[in-house]
Amino acid sequence: MTIFRSAAIAGVTVGLLLAGGASAAPTQYHHLGAASTGEWSGVLGRLTVRDAGVRAGTHDFVATRLMVKEAAHGQLSWLEAGWAETGWAGEGKQRVYTYDTTRNAWTFYDNFPLADNEEIWISVHTEKDDVWQAWLWWRDRWHLLTTAKLPLGGRGQVEQFVEVHVDGGTAFPVPRITVDNVQVRDGDATRYWRQADVPTASGGSTSEYCLDWATHFDTWTAGTC
């Protein structure tokens with residue numbers, strides 16, 4: 001049985017998705033994008049918002065996000081930020097969100113309303129060992145979304161993904177989502193996430209959803225094939 005708890009806290013909706021036992025229908029995850037094999041102090045990029053065909057009342061979701069992660073002390077820890085459209089909350093809207101393993105919760109930021117084809121910038125980085133920050137560039141300035149104290153030290157592996165979760169049944173349509181200008185952070189310096197400079201493992205296309213690189217690995221699109 002899958003249980004979703006949510007509560008409104010200071011205008012921000014926080015949800016925790018707990019899984020226990022087998023689902024009545026098969027679920028499918030599709031990870032389209034790339035992850036670094038080395039460690040960096042952050043990742044920055046521009047994400048295009050699209051209105052996907054997520055089905056209401058399900059655990060379908062589309063998330064376009066940047067992440068920093070690391071396995072420390074035998075446990076995987078991470079902080080991710082981006083935009084998501086979910087079937088369990090939000091009434092079909094696309095919303096800015098964060099998730100981290102300290103809270104083990106989705107946090108949605110409805111004070112930053114999004115629209116189809118809107119572009120947002122996300123930065124996930126650290127300026128101090130163990131304290132990681134997620135920032136949103138929206139309406140011409142940076143907004144701090146959250147901080148999380150994670151046992152990563154000052155560096156971790158970084159990811160850029162469109163993640164699609166299909167809650168059983170057939171795949172739902174996902175318009176082409178563009179991710180571009182992706183950069184990794186090395187201390188105070190940044191560099192574009194290019195194949196020659198950033199050792200990378202790339203996620204591939206599936207039978208339902210396709211990934212197309214314009215430049216490995218800083219400019220790409222993903223969505224229904």
# chains A, B, ... in the order shown; residues from 1 in each chain; ligands from 1
call {"tool": "select_by_dssp", "arguments": {"residues": "range 98-207 of chain A", "states": "strand (DSSP E or B)", "output": "PyMOL selection string"}}
result
chain A and resi 98-100+105-109+119-128+131-138+141-149+156-166+177-186+189-192+200-202
call {"tool": "residues_around", "arguments": {"residues": "range 203-220 of chain A", "least_positions_apart": "5", "cutoff": "12 Å", "atoms": "only C-alpha atoms", "output": "ChimeraX atom specification"}}
result
/A:28-36,43-48,62,159-166,170-184,191-198,225
call {"tool": "atom_distance", "arguments": {"atom1": "CA of Trp121 in chain A", "atom2": "CA of Ala71 in chain A"}}
result
26.4 Å
call {"tool": "closest_residue", "arguments": {"among": "A:Glu39, A:Pro151, A:Asp100, A:Ala52", "to": "Gln75 in chain A", "atoms": "only C-alpha atoms"}}
result
A:Pro151
call {"tool": "atom_distance", "arguments": {"atom1": "CA of Glu118 in chain A", "atom2": "CA of Asp140 in chain A"}}
result
13.2 Å
call {"tool": "residues_around", "arguments": {"residues": "Gly42 in chain A", "least_positions_apart": "3", "cutoff": "9 Å", "atoms": "only C-alpha atoms", "output": "PyMOL selection string"}}
result
chain A and resi 39+67-68+123-126+132+155-158+183-187+190
call {"tool": "write_last_selection", "arguments": {"atoms": "C-alpha atoms", "output": "PDB file, in the first residue's frame"}}
result
ATOM      1  CA  GLU A  39      32.538  15.046  -7.584  1.00  0.00           C
ATOM      2  CA  MET A  67      20.685  17.013  -7.885  1.00  0.00           C
ATOM      3  CA  VAL A  68      23.788  16.557  -5.757  1.00  0.00           C
ATOM      4  CA  SER A 123      21.357  26.028  -8.709  1.00  0.00           C
ATOM      5  CA  VAL A 124      22.205  23.338  -6.151  1.00  0.00           C
ATOM      6  CA  HIS A 125      25.541  23.960  -4.478  1.00  0.00           C
ATOM      7  CA  THR A 126      27.464  24.321  -1.251  1.00  0.00           C
ATOM      8  CA  TRP A 132      23.889  22.513   0.676  1.00  0.00           C
ATOM      9  CA  ARG A 155      31.669  17.884  -2.960  1.00  0.00           C
ATOM     10  CA  GLY A 156      29.330  15.275  -4.411  1.00  0.00           C
ATOM     11  CA  GLN A 157      28.203  13.669  -7.640  1.00  0.00           C
ATOM     12  CA  VAL A 158      25.763  15.824  -9.622  1.00  0.00           C
ATOM     13  CA  GLN A 183      27.243  23.912 -15.647  1.00  0.00           C
ATOM     14  CA  VAL A 184      29.139  22.255 -12.832  1.00  0.00           C
ATOM     15  CA  ARG A 185      30.614  24.211  -9.984  1.00  0.00           C
ATOM     16  CA  ASP A 186      34.177  23.759  -8.760  1.00  0.00           C
ATOM     17  CA  GLY A 187      34.537  25.973  -5.720  1.00  0.00           C
ATOM     18  CA  THR A 190      31.831  27.150 -12.992  1.00  0.00           C
TER      19      THR A 190
END
call {"tool": "residues_around", "arguments": {"residues": "Thr98 in chain A", "least_positions_apart": "2", "cutoff": "9 Å", "atoms": "only C-alpha atoms", "output": "PyMOL selection string"}}
result
chain A and resi 65+79-83+96+100+105-109+134+145-146
call {"tool": "closest_residue", "arguments": {"among": "A:Trp135, A:Thr147, A:Asp167, A:Thr102", "to": "Ser77 in chain A", "atoms": "only C-alpha atoms"}}
result
A:Thr102
call {"tool": "residues_around", "arguments": {"residues": "Lys128 in chain A", "least_positions_apart": "4", "cutoff": "10 Å", "atoms": "only C-alpha atoms", "output": "JSON, numbers by chain"}}
result
{"A": [41, 132, 133, 149, 153, 154, 155]}
call {"tool": "write_last_selection", "arguments": {"atoms": "N, CA, C and O atoms", "output": "PDB file, in the first residue's frame"}}
result
ATOM      1  N   SER A  41      31.215  20.753  -6.547  1.00  0.00           N
ATOM      2  CA  SER A  41      30.614  21.484  -5.430  1.00  0.00           C
ATOM      3  C   SER A  41      29.252  22.071  -5.787  1.00  0.00           C
ATOM      4  O   SER A  41      28.662  22.796  -4.988  1.00  0.00           O
ATOM      5  N   TRP A 132      24.186  22.365   2.091  1.00  0.00           N
ATOM      6  CA  TRP A 132      23.889  22.513   0.676  1.00  0.00           C
ATOM      7  C   TRP A 132      22.654  23.380   0.500  1.00  0.00           C
ATOM      8  O   TRP A 132      21.755  23.390   1.342  1.00  0.00           O
ATOM      9  N   GLN A 133      22.636  24.121  -0.590  1.00  0.00           N
ATOM     10  CA  GLN A 133      21.567  25.084  -0.844  1.00  0.00           C
ATOM     11  C   GLN A 133      20.936  24.817  -2.206  1.00  0.00           C
ATOM     12  O   GLN A 133      21.627  24.421  -3.148  1.00  0.00           O
ATOM     13  N   LYS A 149      21.571  20.099   5.588  1.00  0.00           N
ATOM     14  CA  LYS A 149      22.870  19.641   6.094  1.00  0.00           C
ATOM     15  C   LYS A 149      22.994  18.169   5.744  1.00  0.00           C
ATOM     16  O   LYS A 149      22.276  17.321   6.287  1.00  0.00           O
ATOM     17  N   GLY A 153      30.272  16.409   2.787  1.00  0.00           N
ATOM     18  CA  GLY A 153      31.441  17.252   2.720  1.00  0.00           C
ATOM     19  C   GLY A 153      31.187  18.365   1.717  1.00  0.00           C
ATOM     20  O   GLY A 153      30.056  18.756   1.466  1.00  0.00           O
ATOM     21  N   GLY A 154      32.224  18.857   1.097  1.00  0.00           N
ATOM     22  CA  GLY A 154      32.076  19.981   0.186  1.00  0.00           C
ATOM     23  C   GLY A 154      31.890  19.603  -1.268  1.00  0.00           C
ATOM     24  O   GLY A 154      31.808  20.484  -2.126  1.00  0.00           O
ATOM     25  N   ARG A 155      31.791  18.303  -1.574  1.00  0.00           N
ATOM     26  CA  ARG A 155      31.669  17.884  -2.960  1.00  0.00           C
ATOM     27  C   ARG A 155      30.803  16.629  -3.042  1.00  0.00           C
ATOM     28  O   ARG A 155      30.737  15.837  -2.097  1.00  0.00           O
TER      29      ARG A 155
END
call {"tool": "closest_residue", "arguments": {"among": "A:Ala63, A:Ala148, A:Ala89, A:Ile120", "to": "Asn104 in chain A", "atoms": "only C-alpha atoms"}}
result
A:Ala148
call {"tool": "atom_distance", "arguments": {"atom1": "CA of Arg103 in chain A", "atom2": "CA of Leu152 in chain A"}}
result
15.7 Å
